[in-house]
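The structure file query-v7.txt is reproduced below (compact mmCIF, C-alpha atoms (C1' of nucleotides)).
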# COMPACT_ATOMS: atom_id res chain seq x y z
CA MET A 8 -79.79 119.74 74.98
CA LYS A 9 -77.25 122.08 73.47
CA TYR A 10 -78.09 123.97 70.30
CA ARG A 11 -75.63 125.59 67.90
CA SER A 12 -75.96 128.19 65.15
CA ILE A 13 -74.81 127.23 61.68
CA GLY A 14 -71.58 129.14 62.29
CA GLU A 15 -70.86 127.21 65.46
CA ALA A 16 -71.76 123.89 63.86
CA ALA A 17 -69.54 124.66 60.89
CA ALA A 18 -66.63 125.66 63.14
CA GLU A 19 -67.06 122.48 65.15
CA LEU A 20 -66.66 120.39 62.01
CA ASP A 21 -64.17 122.72 60.35
CA ILE A 22 -66.20 123.22 57.19
CA PRO A 23 -67.73 126.35 55.62
CA ASP A 24 -71.27 127.36 56.57
CA SER A 25 -72.17 127.22 52.90
CA THR A 26 -71.43 123.52 52.80
CA ILE A 27 -73.92 122.83 55.55
CA ARG A 28 -76.59 124.86 53.72
CA TYR A 29 -75.74 122.96 50.54
CA TYR A 30 -76.09 119.62 52.30
CA GLU A 31 -79.42 120.62 53.75
CA LYS A 32 -80.67 121.71 50.33
CA LYS A 33 -79.55 118.36 48.92
CA GLY A 34 -81.62 116.52 51.53
CA LEU A 35 -78.69 115.27 53.61
CA LEU A 36 -79.97 117.09 56.70
CA PRO A 37 -83.72 116.72 57.05
CA LEU A 38 -85.67 118.24 59.91
CA VAL A 39 -83.16 120.94 60.85
CA GLU A 40 -84.85 123.12 63.49
CA ARG A 41 -85.11 126.91 63.41
CA ASP A 42 -85.22 129.60 66.07
CA LYS A 43 -87.87 132.35 66.19
CA ALA A 44 -85.85 134.44 63.75
CA GLY A 45 -85.77 131.62 61.19
CA ARG A 46 -82.14 130.74 61.76
CA ARG A 47 -81.02 127.11 61.72
CA ILE A 48 -80.20 125.58 65.08
CA PHE A 49 -78.40 122.27 65.38
CA SER A 50 -79.15 119.82 68.18
CA ASP A 51 -76.79 117.09 69.36
CA ASP A 52 -78.75 114.65 67.23
CA GLN A 53 -78.32 116.79 64.14
CA MET A 54 -74.61 117.08 64.88
CA ALA A 55 -74.43 113.29 65.12
CA LEU A 56 -76.12 113.00 61.73
CA LEU A 57 -73.76 115.60 60.32
CA GLY A 58 -70.89 113.54 61.70
CA THR A 59 -72.18 110.49 59.90
CA VAL A 60 -72.57 112.49 56.69
CA MET A 61 -68.95 113.64 57.05
CA CYS A 62 -67.78 110.04 57.51
CA LEU A 63 -69.54 109.04 54.32
CA LYS A 64 -68.26 112.09 52.46
CA ASN A 65 -64.69 111.51 53.69
CA THR A 66 -64.91 108.02 52.28
CA HIS A 67 -66.13 109.37 48.92
CA MET A 68 -69.74 108.24 48.97
CA PRO A 69 -71.67 110.27 46.34
CA ILE A 70 -74.14 112.85 47.67
CA SER A 71 -77.02 110.99 46.03
CA ASP A 72 -76.17 107.82 47.94
CA ILE A 73 -75.81 109.69 51.21
CA LYS A 74 -79.25 111.14 50.58
CA GLN A 75 -80.68 107.67 50.04
CA TYR A 76 -79.15 106.56 53.31
CA VAL A 77 -80.54 109.57 55.21
CA ASP A 78 -83.95 109.02 53.65
CA TRP A 79 -83.86 105.47 54.98
CA ILE A 80 -82.96 106.70 58.46
CA VAL A 81 -85.96 109.03 58.40
CA GLU A 82 -88.17 106.22 57.16
CA GLY A 83 -87.47 104.25 60.32
CA GLU A 84 -86.51 100.77 61.39
CA ARG A 85 -88.29 99.20 58.44
CA THR A 86 -85.15 100.11 56.45
CA LEU A 87 -82.58 98.73 58.88
CA GLU A 88 -81.71 95.85 56.59
CA ARG A 89 -81.20 98.09 53.56
CA ARG A 90 -79.03 100.43 55.60
CA LEU A 91 -76.92 97.54 56.83
CA GLU A 92 -76.44 96.26 53.32
CA MET A 93 -75.56 99.73 52.06
CA MET A 94 -72.97 100.24 54.78
CA ASN A 95 -71.47 96.82 54.10
CA ARG A 96 -71.25 97.56 50.39
CA HIS A 97 -69.74 100.93 51.07
CA LYS A 98 -67.23 99.51 53.49
CA GLN A 99 -66.01 97.14 50.80
CA ALA A 100 -65.76 100.03 48.31
CA VAL A 101 -63.66 101.98 50.81
CA LEU A 102 -61.39 99.01 51.45
CA ASP A 103 -60.98 98.60 47.70
CA GLU A 104 -60.10 102.24 47.28
CA ILE A 105 -57.60 102.12 50.12
CA ALA A 106 -56.07 99.02 48.52
CA LEU A 107 -55.73 100.82 45.17
CA MET A 108 -54.12 103.82 46.82
CA THR A 109 -51.77 101.61 48.80
CA GLU A 110 -50.82 99.73 45.66
CA SER A 111 -50.28 102.96 43.72
CA LEU A 112 -48.18 104.26 46.55
CA LYS A 113 -45.68 101.51 45.76
CA GLY A 114 -45.04 103.12 42.39
CA ILE A 115 -44.44 106.41 44.17
CA ASP A 116 -42.13 104.83 46.71
CA TYR A 117 -40.18 103.31 43.86
CA LYS A 118 -39.66 106.77 42.37
CA ILE A 119 -38.63 108.12 45.75
CA ASP A 120 -36.03 105.38 46.11
CA ARG A 121 -34.67 105.96 42.63
CA TYR A 122 -34.44 109.71 43.01
CA ALA A 123 -32.87 109.42 46.45
CA ARG A 124 -30.24 107.02 45.11
CA GLU A 125 -29.47 109.13 42.06
CA LEU A 126 -29.12 112.22 44.17
CA GLY A 127 -27.06 110.36 46.75
CA LYS A 128 -24.41 109.09 44.39
CA LYS A 129 -23.65 112.48 42.93
CA MET B 3 -39.54 97.75 21.03
CA LYS B 4 -43.23 97.08 20.99
CA TYR B 5 -45.63 99.80 19.88
CA ARG B 6 -49.35 99.98 20.62
CA SER B 7 -52.21 101.92 19.11
CA ILE B 8 -54.24 104.14 21.42
CA GLY B 9 -56.91 101.44 21.55
CA GLU B 10 -54.41 98.80 22.63
CA ALA B 11 -52.80 101.11 25.17
CA ALA B 12 -56.20 102.00 26.60
CA ALA B 13 -57.24 98.36 26.83
CA GLU B 14 -53.96 97.52 28.57
CA LEU B 15 -54.70 100.10 31.26
CA ASP B 16 -58.45 99.55 31.24
CA ILE B 17 -59.32 103.17 30.59
CA PRO B 18 -61.18 104.84 27.67
CA ASP B 19 -59.20 106.02 24.64
CA SER B 20 -60.63 109.47 25.23
CA THR B 21 -58.92 109.71 28.60
CA ILE B 22 -55.52 109.11 27.02
CA ARG B 23 -56.20 111.83 24.44
CA TYR B 24 -57.33 114.12 27.23
CA TYR B 25 -54.15 113.47 29.21
CA GLU B 26 -52.02 114.15 26.19
CA LYS B 27 -53.83 117.43 25.54
CA LYS B 28 -53.29 118.41 29.17
CA GLY B 29 -49.56 117.87 28.78
CA LEU B 30 -49.33 114.68 30.83
CA LEU B 31 -47.97 112.70 27.89
CA PRO B 32 -45.38 114.71 25.99
CA LEU B 33 -43.57 113.38 22.94
CA VAL B 34 -46.11 110.73 21.97
CA GLU B 35 -44.98 109.34 18.62
CA ARG B 36 -47.13 108.97 15.51
CA ASP B 37 -47.18 106.54 12.61
CA LYS B 38 -47.23 107.62 8.96
CA ALA B 39 -50.98 108.00 9.10
CA GLY B 40 -50.79 110.40 12.04
CA ARG B 41 -52.04 107.90 14.59
CA ARG B 42 -50.55 107.83 18.08
CA ILE B 43 -48.23 104.92 18.82
CA PHE B 44 -47.13 104.11 22.37
CA SER B 45 -43.69 102.74 23.13
CA ASP B 46 -42.79 100.84 26.28
CA ASP B 47 -41.37 104.05 27.67
CA GLN B 48 -44.61 105.90 27.06
CA MET B 49 -46.52 103.06 28.70
CA ALA B 50 -44.25 103.37 31.72
CA LEU B 51 -44.96 107.08 31.90
CA LEU B 52 -48.66 106.39 31.55
CA GLY B 53 -48.34 103.92 34.40
CA THR B 54 -46.77 106.59 36.56
CA VAL B 55 -49.52 109.03 35.62
CA MET B 56 -52.10 106.43 36.64
CA CYS B 57 -50.39 105.93 40.00
CA LEU B 58 -50.53 109.66 40.65
CA LYS B 59 -54.12 109.87 39.45
CA ASN B 60 -55.16 106.87 41.57
CA THR B 61 -53.74 108.68 44.58
CA HIS B 62 -55.68 111.84 43.71
CA MET B 63 -52.91 114.11 42.57
CA PRO B 64 -54.45 117.00 40.60
CA ILE B 65 -53.82 117.03 36.85
CA SER B 66 -51.96 120.33 37.14
CA ASP B 67 -49.48 118.81 39.60
CA ILE B 68 -49.01 115.72 37.46
CA LYS B 69 -48.23 118.04 34.57
CA GLN B 70 -45.63 119.88 36.63
CA TYR B 71 -44.05 116.55 37.51
CA VAL B 72 -43.97 115.40 33.87
CA ASP B 73 -42.54 118.76 32.81
CA TRP B 74 -39.72 118.21 35.31
CA ILE B 75 -39.06 114.73 33.93
CA VAL B 76 -38.74 116.19 30.44
CA GLU B 77 -36.47 118.92 31.73
CA GLY B 78 -33.96 116.31 32.84
CA GLU B 79 -31.84 115.45 35.83
CA ARG B 80 -31.51 119.07 36.84
CA THR B 81 -34.98 118.65 38.40
CA LEU B 82 -34.30 115.42 40.30
CA GLU B 83 -34.37 117.17 43.66
CA ARG B 84 -37.67 118.92 42.97
CA ARG B 85 -39.20 115.65 41.80
CA LEU B 86 -38.01 113.87 44.92
CA GLU B 87 -39.48 116.56 47.13
CA MET B 88 -42.75 116.49 45.23
CA MET B 89 -43.05 112.72 45.54
CA ASN B 90 -42.25 112.89 49.26
CA ARG B 91 -44.89 115.58 49.78
CA HIS B 92 -47.40 113.61 47.78
CA LYS B 93 -46.67 110.43 49.66
CA GLN B 94 -47.46 112.20 52.91
CA ALA B 95 -50.71 113.57 51.43
CA VAL B 96 -51.69 110.04 50.42
CA LEU B 97 -50.88 108.65 53.85
CA ASP B 98 -52.96 111.44 55.38
CA GLU B 99 -55.87 110.66 53.12
CA ILE B 100 -55.68 106.96 53.85
CA ALA B 101 -55.62 107.80 57.55
CA LEU B 102 -58.74 109.96 57.20
CA MET B 103 -60.54 107.24 55.31
CA THR B 104 -59.50 104.62 57.82
CA GLU B 105 -60.68 106.82 60.67
CA SER B 106 -64.00 107.53 58.93
CA LEU B 107 -64.40 103.83 58.32
CA LYS B 108 -64.66 103.40 62.09
CA GLY B 109 -67.87 105.43 62.06
CA ILE B 110 -69.18 103.17 59.32
CA ASP B 111 -68.16 100.02 61.20
CA TYR B 112 -69.98 101.34 64.22
CA LYS B 113 -73.17 101.66 62.18
CA ILE B 114 -72.70 98.17 60.79
CA ASP B 115 -72.37 96.76 64.31
CA ARG B 116 -75.44 98.60 65.53
CA TYR B 117 -77.60 97.58 62.58
CA ALA B 118 -76.42 93.98 62.78
CA ARG B 119 -77.25 93.85 66.50
CA GLU B 120 -80.65 95.45 66.07
CA LEU B 121 -81.51 93.08 63.26
CA GLY B 122 -80.19 90.12 65.18
CA LYS B 123 -82.25 90.58 68.29
CA LYS B 124 -85.55 90.72 66.41
C1' DA C 24 -81.34 155.18 67.31
C1' DT C 25 -78.00 153.00 64.83
C1' DA C 26 -74.44 150.25 63.47
C1' DC C 27 -72.52 145.74 63.37
C1' DG C 28 -72.16 140.85 62.70
C1' DA C 29 -74.42 136.68 61.87
C1' DC C 30 -77.78 134.95 59.68
C1' DT C 31 -81.50 134.21 55.54
C1' DT C 32 -82.70 133.16 50.39
C1' DG C 33 -82.35 131.81 45.36
C1' DA C 34 -79.57 132.03 41.62
C1' DA C 35 -75.43 132.37 39.38
C1' DC C 36 -70.94 130.90 39.12
C1' DC C 37 -66.77 127.88 39.38
C1' DG C 38 -62.95 124.17 38.98
C1' DT C 39 -62.12 119.44 38.11
C1' DG C 40 -61.94 115.62 35.24
C1' DG C 41 -63.29 113.85 31.88
C1' DT C 42 -66.95 112.23 27.73
C1' DT C 43 -69.35 112.91 23.60
C1' DT C 44 -70.15 114.59 19.08
C1' DA C 45 -69.40 115.65 14.28
C1' DA C 46 -66.86 115.49 10.43
C1' DG C 47 -63.19 113.58 8.34
C1' DT C 48 -58.83 110.35 7.17
C1' DC C 49 -56.71 106.12 6.45
C1' DA C 50 -55.40 100.93 6.05
C1' DA C 51 -56.80 96.60 5.24
C1' DC C 52 -59.75 93.15 3.60
C1' DA C 53 -63.36 91.22 0.31
C1' DT D 8 -63.29 99.47 -5.74
C1' DG D 9 -65.91 99.79 -1.88
C1' DT D 10 -66.91 99.04 2.78
C1' DT D 11 -65.47 98.49 7.50
C1' DG D 12 -63.22 99.72 11.70
C1' DA D 13 -59.90 102.29 14.09
C1' DC D 14 -58.21 106.29 14.22
C1' DT D 15 -57.90 111.90 13.85
C1' DT D 16 -59.49 116.85 15.40
C1' DA D 17 -61.81 120.78 17.84
C1' DA D 18 -65.49 121.97 20.30
C1' DA D 19 -69.37 121.18 22.92
C1' DC D 20 -71.21 118.95 26.64
C1' DC D 21 -71.60 116.76 31.25
C1' DA D 22 -71.75 115.45 36.44
C1' DC D 23 -70.06 116.54 40.68
C1' DG D 24 -69.42 119.22 44.69
C1' DG D 25 -69.49 122.99 46.26
C1' DT D 26 -68.80 128.62 46.51
C1' DT D 27 -70.09 133.18 45.80
C1' DC D 28 -73.25 136.89 45.17
C1' DA D 29 -76.92 140.18 46.04
C1' DA D 30 -80.36 141.71 48.69
C1' DG D 31 -82.53 141.50 52.78
C1' DT D 32 -83.66 140.33 58.01
C1' DC D 33 -82.54 140.01 62.81
C1' DG D 34 -80.47 140.52 67.65
C1' DT D 35 -77.26 142.79 70.31
C1' DA D 36 -73.99 146.22 71.87
C1' DT D 37 -72.96 151.31 71.97
Full structure transcribed into structure tokens:
Amino acid sequence: MKYRSIGEAAAELDIPDSTIRYYEKKGLLPLVERDKAGRRIFSDDQMALLGTVMCLKNTHMPISDIKQYVDWIVEGERTLERRLEMMNRHKQAVLDEIALMTESLKGIDYKIDRYARELGKK
Amino acid sequence: MKYRSIGEAAAELDIPDSTIRYYEKKGLLPLVERDKAGRRIFSDDQMALLGTVMCLKNTHMPISDIKQYVDWIVEGERTLERRLEMMNRHKQAVLDEIALMTESLKGIDYKIDRYARELGKK
DNA sequence: ATACGACTTGAACCGTGGTTTAAGTCAACA
DNA sequence: TGTTGACTTAAACCACGGTTCAAGTCGTAT
């Protein structure tokens, strides 16, 4: 099992170290191990959890909701159903947001067309 | 030409009145007219501009950039090229963000599949 | 032995994007 | 004429998501 320092973990995910510390403080990364000197070390499992956290963050899930989700993971299989429902809800929210962005992009494309035409005919 | 009060304009866009005032203060809505009593009145043109502002906001353009864009509109056709370039840049940023969300959604779908399977086989 | 770089902590600080509050003005309706 | 509701302002307040700071501790290379 490979272990990484916080610097290595942060580089792997291309985020600042401080963000990882912040996430841990917020409860998004429970059970992070430490070496003899008290420094955080990240196992493959922790990296996988961090990856999941990044997926949720990239899709704009609030920190408080991510924490709820992680708490449920720690709680064990008794929470499988709640986790499934949460992910399904979140998926729909993401699809809705993508739809809004896609729709709004039409207004932007319209501007691009207009500007391109006006510049073209000069 | 139809004019609306701030309340009517806000209802039309389904946003709070306070947000419209905030946008005006930030320079996103220049030249808003007033009635004799000093109340804002919104023409069709202003509503169109507000619509554009909402498109940019919905696609996560920072307020400061939206202000730059609106300033260029006010400045006139001399800024057409800059506006076109800005919209093209922004479009690419939006496409990138949608791509990141879509990619992250895969991680979420994977969880959904796993949870659904684990719940199913019990 | 010492200097360097990477790490530790808690607390303070920051930008963004609004929302809320308090005090007041005005138009219309009873 | 008085009350009601929608509006006005500036300023204070807020949540969110980090980032930065200061002071200190280690492990390693010279």
TODO: Up to 9 Å from chain B, what residues of chain C turn up? Count all atoms listed in the file and give them as a ChimeraX atom specification.
DONE: /C:39-42,48-50
For the residues in that selection, give me C-alpha atoms (C1' of nucleotides) as a CSV table (one decimal), keeping the file's coordinate frame.
chain,number,residue,atom,x,y,z
C,39,DT,C1',-62.1,119.4,38.1
C,40,DG,C1',-61.9,115.6,35.2
C,41,DG,C1',-63.3,113.8,31.9
C,42,DT,C1',-67.0,112.2,27.7
C,48,DT,C1',-58.8,110.4,7.2
C,49,DC,C1',-56.7,106.1,6.4
C,50,DA,C1',-55.4,100.9,6.0
Contacts between chain D and chain B, please, where a residue of chain B counts if it comes within 12 Å (with all atoms listed in the file); show its shortest atom pair and distance in Å to one decimal, rows by chain and ascending number, as a Markdown table.
| residue | atom | partner | partner_atom | distance |
| --- | --- | --- | --- | --- |
| B:Ser7 | CA | D:DC14 | C1' | 8.9 |
| B:Ile8 | CA | D:DC14 | C1' | 8.5 |
| B:Gly9 | CA | D:DA13 | C1' | 8.1 |
| B:Glu10 | CA | D:DA13 | C1' | 10.7 |
| B:Asp19 | CA | D:DC14 | C1' | 10.5 |
| B:Ser20 | CA | D:DC14 | C1' | 11.7 |
| B:Arg23 | CA | D:DT15 | C1' | 10.7 |
| B:Lys27 | CA | D:DA17 | C1' | 11.6 |
| B:Arg36 | CA | D:DT15 | C1' | 11.3 |
| B:Asp37 | CA | D:DC14 | C1' | 11.1 |
| B:Ala39 | CA | D:DC14 | C1' | 9.0 |
| B:Gly40 | CA | D:DT15 | C1' | 7.5 |
| B:Arg41 | CA | D:DC14 | C1' | 6.4 |
| B:Arg42 | CA | D:DC14 | C1' | 8.7 |
| B:Ile43 | CA | D:DC14 | C1' | 11.1 |
Open item on the list: I want to know what sits within 9 Å of Lys93 of chain B, based on only C-alpha atoms (C1' of nucleotides), with residues of the same chain fewer than 3 positions away left out; could you give that as JSON, numbers by chain?
Closed with: {"A": [112, 115, 116], "B": [61, 88, 89, 90, 96, 97, 98]}
Task: Distance-based interface of chain B with chain A, 6 Å, counting only C-alpha atoms, as a ChimeraX atom specification - done: /B:57,61,86,103,106,114,117
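Between atom CA of Arg96 of chain A and atom CA of Ile22 of chain A lies a distance of 27.0 Å.
Atom to atom, atom CA of Leu30 of chain B and atom CA of Met3 of chain B stand 21.9 Å apart.
One finds atom CA of Ala16 of chain A at 23.1 Å from atom CA of Gln75 of chain A.
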